[in-house]
>>> print(open('my_file38.txt').read())   # compact mmCIF, C-alpha atoms and all ligand atoms
# COMPACT_ATOMS: atom_id res chain seq x y z
CA MET K 292 97.58 67.02 42.60
CA ALA K 293 96.33 67.45 39.05
CA LEU K 294 98.32 67.59 35.86
CA ASP K 295 97.16 69.10 32.61
CA ARG K 296 96.73 65.78 30.80
CA GLY K 297 94.23 63.05 29.98
CA PRO K 298 92.45 60.57 32.25
CA GLY K 299 94.43 58.28 34.53
CA PRO K 300 94.16 54.51 34.84
CA SER K 301 90.76 53.09 35.65
CA TYR K 302 90.54 51.44 39.03
CA LEU K 303 88.27 48.50 39.75
CA GLY K 304 86.86 47.66 43.14
CA VAL K 305 84.02 48.17 45.55
CA MET K 306 84.78 51.68 46.67
CA ALA K 307 83.02 54.98 46.93
CA LEU K 308 83.62 58.28 45.21
CA LEU K 309 84.16 61.09 47.71
CA GLN K 310 83.41 64.73 47.14
CA VAL K 311 86.55 66.80 46.54
CA ILE K 312 86.44 70.15 48.34
CA THR K 313 87.40 73.08 46.13
CA ALA K 314 89.04 76.33 47.19
CA PRO K 315 88.37 78.64 48.82
CA ASP K 316 87.28 76.53 51.80
CA PRO K 317 88.50 76.68 55.43
CA ARG K 318 88.69 72.87 55.56
CA LEU K 319 91.66 73.03 53.17
CA LYS K 320 93.55 75.14 55.74
CA ALA K 321 92.60 73.03 58.79
CA LYS K 322 95.17 71.32 61.00
CA THR K 323 95.32 67.53 60.58
CA ARG K 324 96.14 64.82 63.13
CA PRO K 325 98.21 61.67 62.69
CA VAL K 326 96.34 58.37 62.58
CA PRO K 327 97.09 56.24 65.68
CA LYS K 328 97.05 53.13 63.47
CA VAL K 329 96.20 52.23 59.88
CA ASP K 330 93.16 50.07 60.55
CA GLY K 331 90.22 49.00 58.40
CA ARG K 332 88.61 52.44 58.49
CA ILE K 333 91.78 54.20 57.35
CA ARG K 334 92.40 51.56 54.64
CA ARG K 335 88.86 52.13 53.41
CA LEU K 336 89.46 55.89 53.37
CA MET K 337 92.70 55.36 51.39
CA ASP K 338 90.92 53.16 48.83
CA ASP K 339 88.01 55.61 48.47
CA MET K 340 90.52 58.45 48.04
CA LEU K 341 92.35 56.48 45.32
CA GLU K 342 89.13 55.83 43.43
CA THR K 343 88.16 59.49 43.76
CA MET K 344 91.62 60.55 42.54
CA TYR K 345 91.54 58.22 39.50
CA ALA K 346 88.03 59.39 38.59
CA ALA K 347 88.96 63.09 38.76
CA PRO K 348 91.53 62.35 37.18
CA GLY K 349 94.48 63.27 39.37
CA ILE K 350 97.83 61.87 40.51
CA GLY K 351 97.56 62.69 44.22
CA LEU K 352 94.92 63.44 46.85
CA ALA K 353 95.19 64.35 50.53
CA ALA K 354 92.59 63.60 53.22
CA PRO K 355 91.72 67.28 53.97
CA GLN K 356 90.57 67.56 50.34
CA VAL K 357 87.79 65.07 51.12
CA GLY K 358 86.96 66.63 54.49
CA GLU K 359 89.04 64.33 56.73
CA ALA K 360 91.49 66.20 58.98
CA LEU K 361 93.92 63.26 59.05
CA ARG K 362 97.56 62.84 57.95
CA VAL K 363 96.67 60.51 55.07
CA LEU K 364 97.35 60.84 51.35
CA VAL K 365 97.36 58.77 48.18
CA VAL K 366 99.51 59.10 45.08
CA ASP K 367 99.79 57.35 41.70
CA ILE K 368 101.86 58.93 38.96
CA ALA K 369 101.40 56.04 36.46
CA ARG K 370 100.36 57.34 33.07
CA LYS K 371 97.34 56.23 31.09
CA GLY K 372 97.93 52.68 29.82
CA GLU K 373 100.64 52.00 32.41
CA LYS K 374 100.15 49.61 35.31
CA PRO K 375 98.71 51.52 38.31
CA GLN K 376 101.24 52.16 41.10
CA PRO K 377 99.06 53.34 43.99
CA LEU K 378 100.79 54.55 47.15
CA ARG K 379 98.71 54.66 50.34
CA ILE K 380 100.49 56.88 52.85
CA ALA K 381 99.75 57.75 56.50
CA ASN K 382 101.72 60.02 58.86
CA PRO K 383 104.45 60.87 56.32
CA GLU K 384 107.63 62.63 57.40
CA ILE K 385 110.38 64.04 55.21
CA VAL K 386 113.66 62.56 56.48
CA TRP K 387 115.84 64.07 53.73
CA ALA K 388 115.47 66.62 50.96
CA SER K 389 117.97 67.37 48.17
CA ALA K 390 119.66 70.76 48.09
CA GLU K 391 118.82 70.92 44.41
CA GLN K 392 115.48 72.57 43.71
CA VAL K 393 113.49 72.27 40.50
CA PRO K 394 110.46 74.10 39.11
CA CYS K 395 107.41 72.11 38.01
CA GLU K 396 103.97 73.08 36.71
CA GLU K 397 101.45 72.03 39.37
CA GLY K 398 97.71 71.79 39.56
CA CYS K 399 95.40 70.61 42.33
CA LEU K 400 92.04 68.85 42.36
CA SER K 401 90.87 71.54 44.82
CA PHE K 402 91.76 74.24 42.24
CA PRO K 403 90.00 73.11 39.05
CA ASP K 404 91.76 74.23 35.84
CA GLN K 405 94.40 76.30 37.67
CA PHE K 406 98.10 75.60 37.05
CA ALA K 407 101.23 77.34 38.24
CA GLU K 408 104.96 76.73 38.48
CA VAL K 409 106.23 75.84 41.97
CA THR K 410 109.89 75.26 42.91
CA ARG K 411 110.65 72.45 45.38
CA PRO K 412 113.51 70.09 46.30
CA ALA K 413 114.18 67.75 43.36
CA GLU K 414 114.34 64.64 45.58
CA VAL K 415 112.99 63.69 49.00
CA LYS K 416 113.12 60.67 51.25
CA ILE K 417 109.99 60.10 53.30
CA ARG K 418 109.05 57.70 56.06
CA TYR K 419 105.40 56.70 56.46
CA LEU K 420 102.93 53.99 57.44
CA ASP K 421 101.45 52.01 54.54
CA HIS K 422 98.00 50.40 54.27
CA GLU K 423 99.28 47.40 56.29
CA ASN K 424 100.36 49.74 59.13
CA GLU K 425 104.03 48.95 58.28
CA PHE K 426 106.78 51.57 58.31
CA CYS K 427 108.07 52.26 54.80
CA GLU K 428 110.71 54.51 53.29
CA LEU K 429 110.41 56.04 49.87
CA HIS K 430 113.09 57.88 47.89
CA ALA K 431 111.07 60.00 45.52
CA THR K 432 112.51 61.73 42.45
CA GLY K 433 111.04 63.56 39.47
CA LEU K 434 107.25 63.88 39.31
CA LEU K 435 106.79 61.56 42.29
CA ALA K 436 108.88 63.89 44.48
CA VAL K 437 106.80 66.88 43.38
CA CYS K 438 103.53 65.07 43.97
CA VAL K 439 104.48 63.73 47.41
CA GLN K 440 105.58 67.19 48.58
CA HIS K 441 102.43 68.82 47.17
CA GLU K 442 100.20 66.29 49.01
CA MET K 443 102.20 66.53 52.25
CA ASP K 444 101.72 70.31 52.15
CA HIS K 445 97.94 69.73 52.20
CA LEU K 446 98.34 68.00 55.60
CA ASP K 447 99.68 71.30 56.97
CA GLY K 448 97.05 73.42 55.26
CA VAL K 449 99.57 74.65 52.69
CA LEU K 450 98.26 74.93 49.14
CA PHE K 451 100.29 75.30 45.94
CA VAL K 452 98.96 78.83 45.45
CA ASP K 453 100.63 79.77 48.75
CA TYR K 454 103.96 79.65 46.83
CA LEU K 455 102.74 82.32 44.39
CA SER K 456 102.68 86.08 44.87
CA GLY K 457 99.75 87.41 46.89
CA LEU K 458 98.49 89.12 43.75
CA ARG K 459 98.47 85.93 41.66
CA ARG K 460 96.96 83.89 44.53
CA GLY K 461 94.22 86.49 44.97
CA ILE K 462 93.31 86.35 41.28
CA ILE K 463 93.04 82.54 41.34
CA LEU K 464 91.02 82.44 44.57
CA ARG K 465 88.60 85.14 43.41
CA LYS K 466 88.09 83.27 40.13
CA LEU K 467 87.28 80.06 42.04
CA ALA K 468 85.00 81.84 44.54
CA LYS K 469 83.08 83.33 41.62
CA ALA K 470 82.79 79.92 39.90
CA LYS K 471 81.46 78.43 43.16
CA LYS K 472 78.87 81.18 43.51
CA GLN K 473 77.67 80.64 39.94
CA LYS K 474 77.45 76.88 40.49
CA ALA K 475 75.42 77.43 43.69
CA ALA K 476 73.09 79.80 41.87
CA VAL K 477 72.50 77.28 39.07
CA SER K 478 71.77 74.41 41.44
CA ALA K 479 69.59 76.52 43.80
NI NI Z 501 96.46 69.51 45.79
>>> encode(input="my_file38.txt", output="structure tokens")
Amino acid sequence: MALDRGPGPSYLGVMALLQVITAPDPRLKAKTRPVPKVDGRIRRLMDDMLETMYAAPGIGLAAPQVGEALRVLVVDIARKGEKPQPLRIANPEIVWASAEQVPCEEGCLSFPDQFAEVTRPAEVKIRYLDHENEFCELHATGLLAVCVQHEMDHLDGVLFVDYLSGLRRGIILRKLAKAKKQKAAVSA
């Protein structure tokens, strides 16, 4: 997920930047599979995704956005200057959602410079496997709740523009398709 604000915290380590897939792209709508276990390969993917997310900058990134059809996502909503609070999440499940719903302006690293208001449950409880392959529970509120739900949607091929009217979604997707075409023409 992207927010309309400045760069996030810098992240040090021996990791690799991955290429973020931008819409429209069928890989963003693909079905994902749970990881059998969070092993070294999945931990490496999580760390590479975090570095890619910080560099973008963004506050959340899901595996399908980097071409991996796996139920893996990373999140860090710490602001610039704050201590990083990375969450490495595999196989997340929502175990509770509040009846209260709130609107929030969302963006997405796969939809550069596009923002729109989406209404979601204000709070959720999720269960997931962390980078140590341990079961964890998280009660997310505020921006964290929004971000976790946005990233979990990616695992089911649901994008934030899917909450908008077909007209609005069409305008955004055509704009991005055109931008992609122009970029391809320039680099050809
Ligand atoms: Ni997104």
>>> atom_distance(input="my_file38.txt", atom1="atom CA of K:Arg362", atom2="atom CA of K:Glu425")
15.3 Å
>>> closest_residue(input="my_file38.txt", among="K:Ala360, K:Ile463, K:Leu400, K:Ala407", to="ligand NI 501 (chain Z)", atoms="all atoms listed in the file")
K:Leu400
>>> closest_atom_pairs(input="my_file38.txt", of="chain K", to="ligand NI 501 (chain Z)", cutoff="9 Å", atoms="all atoms listed in the file", output="JSON lines")
{"residue": "K:Met292", "atom": "CA", "partner": "Z:NI501", "partner_atom": "NI", "distance": 4.2}
{"residue": "K:Ala293", "atom": "CA", "partner": "Z:NI501", "partner_atom": "NI", "distance": 7.0}
{"residue": "K:Gly351", "atom": "CA", "partner": "Z:NI501", "partner_atom": "NI", "distance": 7.1}
{"residue": "K:Leu352", "atom": "CA", "partner": "Z:NI501", "partner_atom": "NI", "distance": 6.4}
{"residue": "K:Ala353", "atom": "CA", "partner": "Z:NI501", "partner_atom": "NI", "distance": 7.1}
{"residue": "K:Gln356", "atom": "CA", "partner": "Z:NI501", "partner_atom": "NI", "distance": 7.7}
{"residue": "K:Glu397", "atom": "CA", "partner": "Z:NI501", "partner_atom": "NI", "distance": 8.5}
{"residue": "K:Gly398", "atom": "CA", "partner": "Z:NI501", "partner_atom": "NI", "distance": 6.8}
{"residue": "K:Cys399", "atom": "CA", "partner": "Z:NI501", "partner_atom": "NI", "distance": 3.8}
{"residue": "K:Leu400", "atom": "CA", "partner": "Z:NI501", "partner_atom": "NI", "distance": 5.6}
{"residue": "K:Ser401", "atom": "CA", "partner": "Z:NI501", "partner_atom": "NI", "distance": 6.0}
{"residue": "K:Phe402", "atom": "CA", "partner": "Z:NI501", "partner_atom": "NI", "distance": 7.6}
{"residue": "K:Cys438", "atom": "CA", "partner": "Z:NI501", "partner_atom": "NI", "distance": 8.5}
{"residue": "K:His441", "atom": "CA", "partner": "Z:NI501", "partner_atom": "NI", "distance": 6.2}
{"residue": "K:Glu442", "atom": "CA", "partner": "Z:NI501", "partner_atom": "NI", "distance": 5.9}
{"residue": "K:Asp444", "atom": "CA", "partner": "Z:NI501", "partner_atom": "NI", "distance": 8.3}
{"residue": "K:His445", "atom": "CA", "partner": "Z:NI501", "partner_atom": "NI", "distance": 6.6}
{"residue": "K:Leu450", "atom": "CA", "partner": "Z:NI501", "partner_atom": "NI", "distance": 6.6}
{"residue": "K:Phe451", "atom": "CA", "partner": "Z:NI501", "partner_atom": "NI", "distance": 6.9}
>>> write_last_selection(input="my_file38.txt", atoms="C-alpha atoms", output="mmCIF file, in the frame of the given file")
data_model
loop_
_atom_site.group_PDB
_atom_site.id
_atom_site.type_symbol
_atom_site.label_atom_id
_atom_site.label_comp_id
_atom_site.auth_asym_id
_atom_site.auth_seq_id
_atom_site.Cartn_x
_atom_site.Cartn_y
_atom_site.Cartn_z
ATOM 1 C CA MET K 292 97.580 67.020 42.600
ATOM 2 C CA ALA K 293 96.330 67.450 39.050
ATOM 3 C CA GLY K 351 97.560 62.690 44.220
ATOM 4 C CA LEU K 352 94.920 63.440 46.850
ATOM 5 C CA ALA K 353 95.190 64.350 50.530
ATOM 6 C CA GLN K 356 90.570 67.560 50.340
ATOM 7 C CA GLU K 397 101.450 72.030 39.370
ATOM 8 C CA GLY K 398 97.710 71.790 39.560
ATOM 9 C CA CYS K 399 95.400 70.610 42.330
ATOM 10 C CA LEU K 400 92.040 68.850 42.360
ATOM 11 C CA SER K 401 90.870 71.540 44.820
ATOM 12 C CA PHE K 402 91.760 74.240 42.240
ATOM 13 C CA CYS K 438 103.530 65.070 43.970
ATOM 14 C CA HIS K 441 102.430 68.820 47.170
ATOM 15 C CA GLU K 442 100.200 66.290 49.010
ATOM 16 C CA ASP K 444 101.720 70.310 52.150
ATOM 17 C CA HIS K 445 97.940 69.730 52.200
ATOM 18 C CA LEU K 450 98.260 74.930 49.140
ATOM 19 C CA PHE K 451 100.290 75.300 45.940
#
>>> atom_distance(input="my_file38.txt", atom1="atom CA of K:Leu455", atom2="atom CA of K:Pro317")
18.9 Å
>>> closest_residue(input="my_file38.txt", among="K:Leu341, K:Ile350, K:Ala381, K:Ile368", to="K:Glu428", atoms="all atoms listed in the file")
K:Ala381
>>> axis_aligned_box(input="my_file38.txt", around="stretch 306-313 of chain K", padding_each_side="3 Å", output="AutoDock Vina command-line options")
--center_x 85.2 --center_y 62.4 --center_z 46.8 --size_x 10.4 --size_y 27.4 --size_z 9.1
>>> closest_residue(input="my_file38.txt", among="K:Ala321, K:Ala347, K:Leu309, K:Ala369", to="K:Arg335", atoms="only C-alpha atoms")
K:Leu309
>>> closest_residue(input="my_file38.txt", among="K:Arg460, K:Lys472, K:Arg379, K:Lys371", to="K:Leu420", atoms="only C-alpha atoms")
K:Arg379
>>> closest_residue(input="my_file38.txt", among="K:Asp453, K:Glu408, K:Glu391, K:Glu423", to="K:Gly331", atoms="all atoms listed in the file")
K:Glu423
>>> residues_near_point(input="my_file38.txt", point="(82.8, 58.6, 44.4)", cutoff="8 Å", atoms="only C-alpha atoms", output="list of chain:residue names")
K:Met306, K:Ala307, K:Leu308, K:Leu309, K:Gln310, K:Asp339, K:Glu342, K:Thr343, K:Ala346
>>> closest_residue(input="my_file38.txt", among="K:Glu384, K:Asp421, K:Glu359, K:Asp404", to="K:Arg318", atoms="only C-alpha atoms")
K:Glu359
>>> atom_distance(input="my_file38.txt", atom1="atom CA of K:Cys427", atom2="atom CA of K:Val386")
11.8 Å
>>> residues_around(input="my_file38.txt", residues="K:His422", least_positions_apart="3", cutoff="12 Å", atoms="all atoms listed in the file", output="ChimeraX atom specification")
/K:326,328-338,363-365,377-382,419,425-427
>>> build_atoms(input="my_file38.txt", residues="stretch 331-347 of chain K", atoms="N, CA and C atoms", output="CSV table (one decimal), in the frame of the given file")
chain,number,residue,atom,x,y,z
K,331,GLY,N,91.2,49.2,59.5
K,331,GLY,CA,90.2,49.0,58.4
K,331,GLY,C,89.6,50.3,57.9
K,332,ARG,N,89.3,51.2,58.9
K,332,ARG,CA,88.6,52.4,58.5
K,332,ARG,C,89.5,53.3,57.7
K,333,ILE,N,90.8,53.4,58.1
K,333,ILE,CA,91.8,54.2,57.4
K,333,ILE,C,92.1,53.6,56.0
K,334,ARG,N,92.2,52.2,55.9
K,334,ARG,CA,92.4,51.6,54.6
K,334,ARG,C,91.3,51.9,53.7
K,335,ARG,N,90.0,51.8,54.2
K,335,ARG,CA,88.9,52.1,53.4
K,335,ARG,C,88.9,53.6,52.9
K,336,LEU,N,89.3,54.5,53.8
K,336,LEU,CA,89.5,55.9,53.4
K,336,LEU,C,90.5,56.0,52.2
K,337,MET,N,91.6,55.3,52.4
K,337,MET,CA,92.7,55.4,51.4
K,337,MET,C,92.2,54.8,50.0
K,338,ASP,N,91.4,53.7,50.1
K,338,ASP,CA,90.9,53.2,48.8
K,338,ASP,C,89.9,54.1,48.2
K,339,ASP,N,89.0,54.7,49.0
K,339,ASP,CA,88.0,55.6,48.5
K,339,ASP,C,88.7,56.8,47.9
K,340,MET,N,89.8,57.3,48.6
K,340,MET,CA,90.5,58.4,48.0
K,340,MET,C,91.2,58.1,46.7
K,341,LEU,N,91.7,56.9,46.6
K,341,LEU,CA,92.4,56.5,45.3
K,341,LEU,C,91.3,56.5,44.2
K,342,GLU,N,90.2,55.9,44.5
K,342,GLU,CA,89.1,55.8,43.4
K,342,GLU,C,88.7,57.2,43.0
K,343,THR,N,88.5,58.1,44.0
K,343,THR,CA,88.2,59.5,43.8
K,343,THR,C,89.2,60.2,42.9
K,344,MET,N,90.5,59.9,43.3
K,344,MET,CA,91.6,60.6,42.5
K,344,MET,C,91.7,60.1,41.1
K,345,TYR,N,91.5,58.8,40.9
K,345,TYR,CA,91.5,58.2,39.5
K,345,TYR,C,90.4,58.8,38.7
K,346,ALA,N,89.2,58.9,39.3
K,346,ALA,CA,88.0,59.4,38.6
K,346,ALA,C,88.1,60.9,38.2
K,347,ALA,N,88.9,61.6,38.9
K,347,ALA,CA,89.0,63.1,38.8
K,347,ALA,C,89.3,63.6,37.3
